[in-house]
Amino acid sequence: MSHTKGFTLWFTGLSGAGKTTLTTALLPELAKHGIRVEVLDGDEVRTHLSKGLGFSKEDRDTNIRRIGFVARLLARNGVNVITAAISPYREIRDEVRASIEADGGEFIEVYAKCSLEALTERDVKGLYKKALAGEIKSFTGVSDPYEAPLSPDVVVETDRETVAESAAKILAELERRNLLATITRKAASIF
């Protein structure tokens with residue numbers, strides 16, 4: 001019996017860049033293609049799987065490795081995954097990609113790119129303003145580094161595109177990789 005591996009859509013980008021918004025927009029679109037997805041949202045993972053971790057580089061790396069580990073386990077068992085976490089360090093994202101691909105899963109890195117100005121304007125909690133004023137320490141993209149991907153699979157410019165335009169770019173990449181067609185055909189063959 002053949003076994004189809006799942007894919008992992010790995011969103012990376014600064015806080016407020018639209019990772020969760022895009023995830024929410026993609027879910028019904030993927031469902032139309034018969035694709036079920038498990039979502040690993042960074043905030044939820046920190047509440048449950050990574051409770052107690054701080055925001056040092058080591059703790060951030062541990063958090064991303066945990067998300068990557070769960071994504072790898074799901075993908076190798078045929079479950080499609082969307083992760084929505086800042087994942088600020090390139091080396092750890094590359095490590096996660098290598099582990100998922102080594103297990104035969106597809107890894108699609110999606111960079112939610114957004115200017116600091118737009119993020120500050122969008123920020124209803126005022127966290128960016130506080131970080132820029134020095135009131136919040138270790139804030140990714142302000143006082144803590146964010147290493148943008150060098151060659152992401154998809155770049156969505158959330159300060160220049162609508163949610164629908166960004167989602168369409170991601171769906172086009174899945175289609176280009178035959179992930180939409182493959183899963184749709186597999187579902188049709190069951191009936």
# chains A, B, ... in the order shown; residues from 1 in each chain; ligands from 1

call {"tool": "residues_around", "arguments": {"residues": "stretch 44-58 of chain A", "least_positions_apart": "3", "cutoff": "9 Å", "atoms": "only C-alpha atoms", "output": "number ranges by chain"}}
result
A: 40-41, 61-63, 66-67, 85, 89, 138-139

call {"tool": "closest_residue", "arguments": {"among": "A:Asn77, A:Ser87, A:Thr12, A:Ser99", "to": "A:Asp59", "atoms": "only C-alpha atoms"}}
result
A:Ser87

call {"tool": "atom_distance", "arguments": {"atom1": "atom CA of A:Val154", "atom2": "atom CA of A:Gly18"}}
result
13.9 Å

call {"tool": "select_by_dssp", "arguments": {"residues": "stretch 20-53 of chain A", "states": "strand (DSSP E or B)", "output": "tab-separated table (two decimals) with C-alpha atoms, in the first residue's frame"}}
result
chain	number	residue	atom	x	y	z
A	37	VAL	CA	-4.79	20.53	7.65
A	38	GLU	CA	-3.54	20.63	11.20
A	39	VAL	CA	-2.51	24.12	12.34
A	40	LEU	CA	0.39	24.72	14.71
A	41	ASP	CA	0.00	28.36	15.73

call {"tool": "residues_around", "arguments": {"residues": "A:Glu29", "least_positions_apart": "2", "cutoff": "12 Å", "atoms": "only C-alpha atoms", "output": "list in words"}}
result
Leu22, Thr23, Thr24, Ala25, Leu26, Leu27, Ala31, Lys32, His33, Gly34, Ile35, Arg36, Val37, Ala164, Ala167, Ala168, Ile170, Leu171, Ala172, Leu174 and Leu180 of chain A

call {"tool": "write_last_selection", "arguments": {"atoms": "N, CA and C atoms", "output": "mmCIF file, in the first residue's frame"}}
result
data_model
loop_
_atom_site.group_PDB
_atom_site.id
_atom_site.type_symbol
_atom_site.label_atom_id
_atom_site.label_comp_id
_atom_site.auth_asym_id
_atom_site.auth_seq_id
_atom_site.Cartn_x
_atom_site.Cartn_y
_atom_site.Cartn_z
ATOM 1 N N LEU A 22 -3.476 34.689 7.278
ATOM 2 C CA LEU A 22 -3.364 33.902 6.050
ATOM 3 C C LEU A 22 -3.736 32.435 6.295
ATOM 4 N N THR A 23 -3.338 31.910 7.427
ATOM 5 C CA THR A 23 -3.711 30.535 7.773
ATOM 6 C C THR A 23 -5.229 30.398 7.786
ATOM 7 N N THR A 24 -5.891 31.330 8.443
ATOM 8 C CA THR A 24 -7.360 31.321 8.524
ATOM 9 C C THR A 24 -7.981 31.414 7.132
ATOM 10 N N ALA A 25 -7.390 32.219 6.256
ATOM 11 C CA ALA A 25 -7.916 32.369 4.890
ATOM 12 C C ALA A 25 -7.686 31.114 4.057
ATOM 13 N N LEU A 26 -6.582 30.420 4.290
ATOM 14 C CA LEU A 26 -6.250 29.236 3.492
ATOM 15 C C LEU A 26 -7.092 28.010 3.838
ATOM 16 N N LEU A 27 -7.479 27.875 5.082
ATOM 17 C CA LEU A 27 -8.172 26.656 5.512
ATOM 18 C C LEU A 27 -9.416 26.341 4.677
ATOM 19 N N ALA A 31 -9.841 23.212 2.067
ATOM 20 C CA ALA A 31 -10.973 22.287 2.273
ATOM 21 C C ALA A 31 -11.748 22.078 0.968
ATOM 22 N N LYS A 32 -11.844 23.113 0.139
ATOM 23 C CA LYS A 32 -12.524 22.982 -1.153
ATOM 24 C C LYS A 32 -11.837 21.946 -2.041
ATOM 25 N N HIS A 33 -10.542 21.743 -1.813
ATOM 26 C CA HIS A 33 -9.770 20.758 -2.572
ATOM 27 C C HIS A 33 -9.718 19.411 -1.848
ATOM 28 N N GLY A 34 -10.461 19.297 -0.756
ATOM 29 C CA GLY A 34 -10.466 18.049 -0.001
ATOM 30 C C GLY A 34 -9.232 17.867 0.860
ATOM 31 N N ILE A 35 -8.550 18.969 1.158
ATOM 32 C CA ILE A 35 -7.310 18.885 1.933
ATOM 33 C C ILE A 35 -7.581 19.297 3.371
ATOM 34 N N ARG A 36 -7.322 18.367 4.270
ATOM 35 C CA ARG A 36 -7.431 18.653 5.701
ATOM 36 C C ARG A 36 -6.059 19.043 6.216
ATOM 37 N N VAL A 37 -6.047 19.965 7.152
ATOM 38 C CA VAL A 37 -4.788 20.526 7.645
ATOM 39 C C VAL A 37 -4.836 20.654 9.166
ATOM 40 N N ALA A 164 -6.441 37.882 0.037
ATOM 41 C CA ALA A 164 -6.786 36.991 -1.076
ATOM 42 C C ALA A 164 -5.617 36.863 -2.062
ATOM 43 N N ALA A 167 -2.943 34.676 -0.356
ATOM 44 C CA ALA A 167 -3.398 33.280 -0.308
ATOM 45 C C ALA A 167 -3.297 32.637 -1.688
ATOM 46 N N ALA A 168 -3.631 33.391 -2.725
ATOM 47 C CA ALA A 168 -3.562 32.865 -4.094
ATOM 48 C C ALA A 168 -2.128 32.486 -4.467
ATOM 49 N N ILE A 170 0.169 31.400 -2.432
ATOM 50 C CA ILE A 170 0.488 30.169 -1.708
ATOM 51 C C ILE A 170 -0.194 28.975 -2.379
ATOM 52 N N LEU A 171 -1.460 29.129 -2.727
ATOM 53 C CA LEU A 171 -2.177 28.051 -3.412
ATOM 54 C C LEU A 171 -1.529 27.731 -4.753
ATOM 55 N N ALA A 172 -1.032 28.758 -5.446
ATOM 56 C CA ALA A 172 -0.354 28.538 -6.732
ATOM 57 C C ALA A 172 0.911 27.703 -6.544
ATOM 58 N N LEU A 174 1.380 25.459 -4.120
ATOM 59 C CA LEU A 174 0.924 24.088 -3.855
ATOM 60 C C LEU A 174 0.519 23.409 -5.156
ATOM 61 N N LEU A 180 -2.074 20.052 -4.644
ATOM 62 C CA LEU A 180 -3.537 20.159 -4.676
ATOM 63 C C LEU A 180 -4.122 19.052 -5.538
#

call {"tool": "residues_around", "arguments": {"residues": "A:Gly141", "least_positions_apart": "4", "cutoff": "9 Å", "atoms": "only C-alpha atoms", "output": "count of residues only"}}
result
7

call {"tool": "residues_around", "arguments": {"residues": "A:Ala71", "least_positions_apart": "3", "cutoff": "10 Å", "atoms": "only C-alpha atoms", "output": "VMD selection string"}}
result
chain A and resid 6 to 10 38 to 40 65 to 68 74 to 77 79 to 83 96 99 to 100 105 107
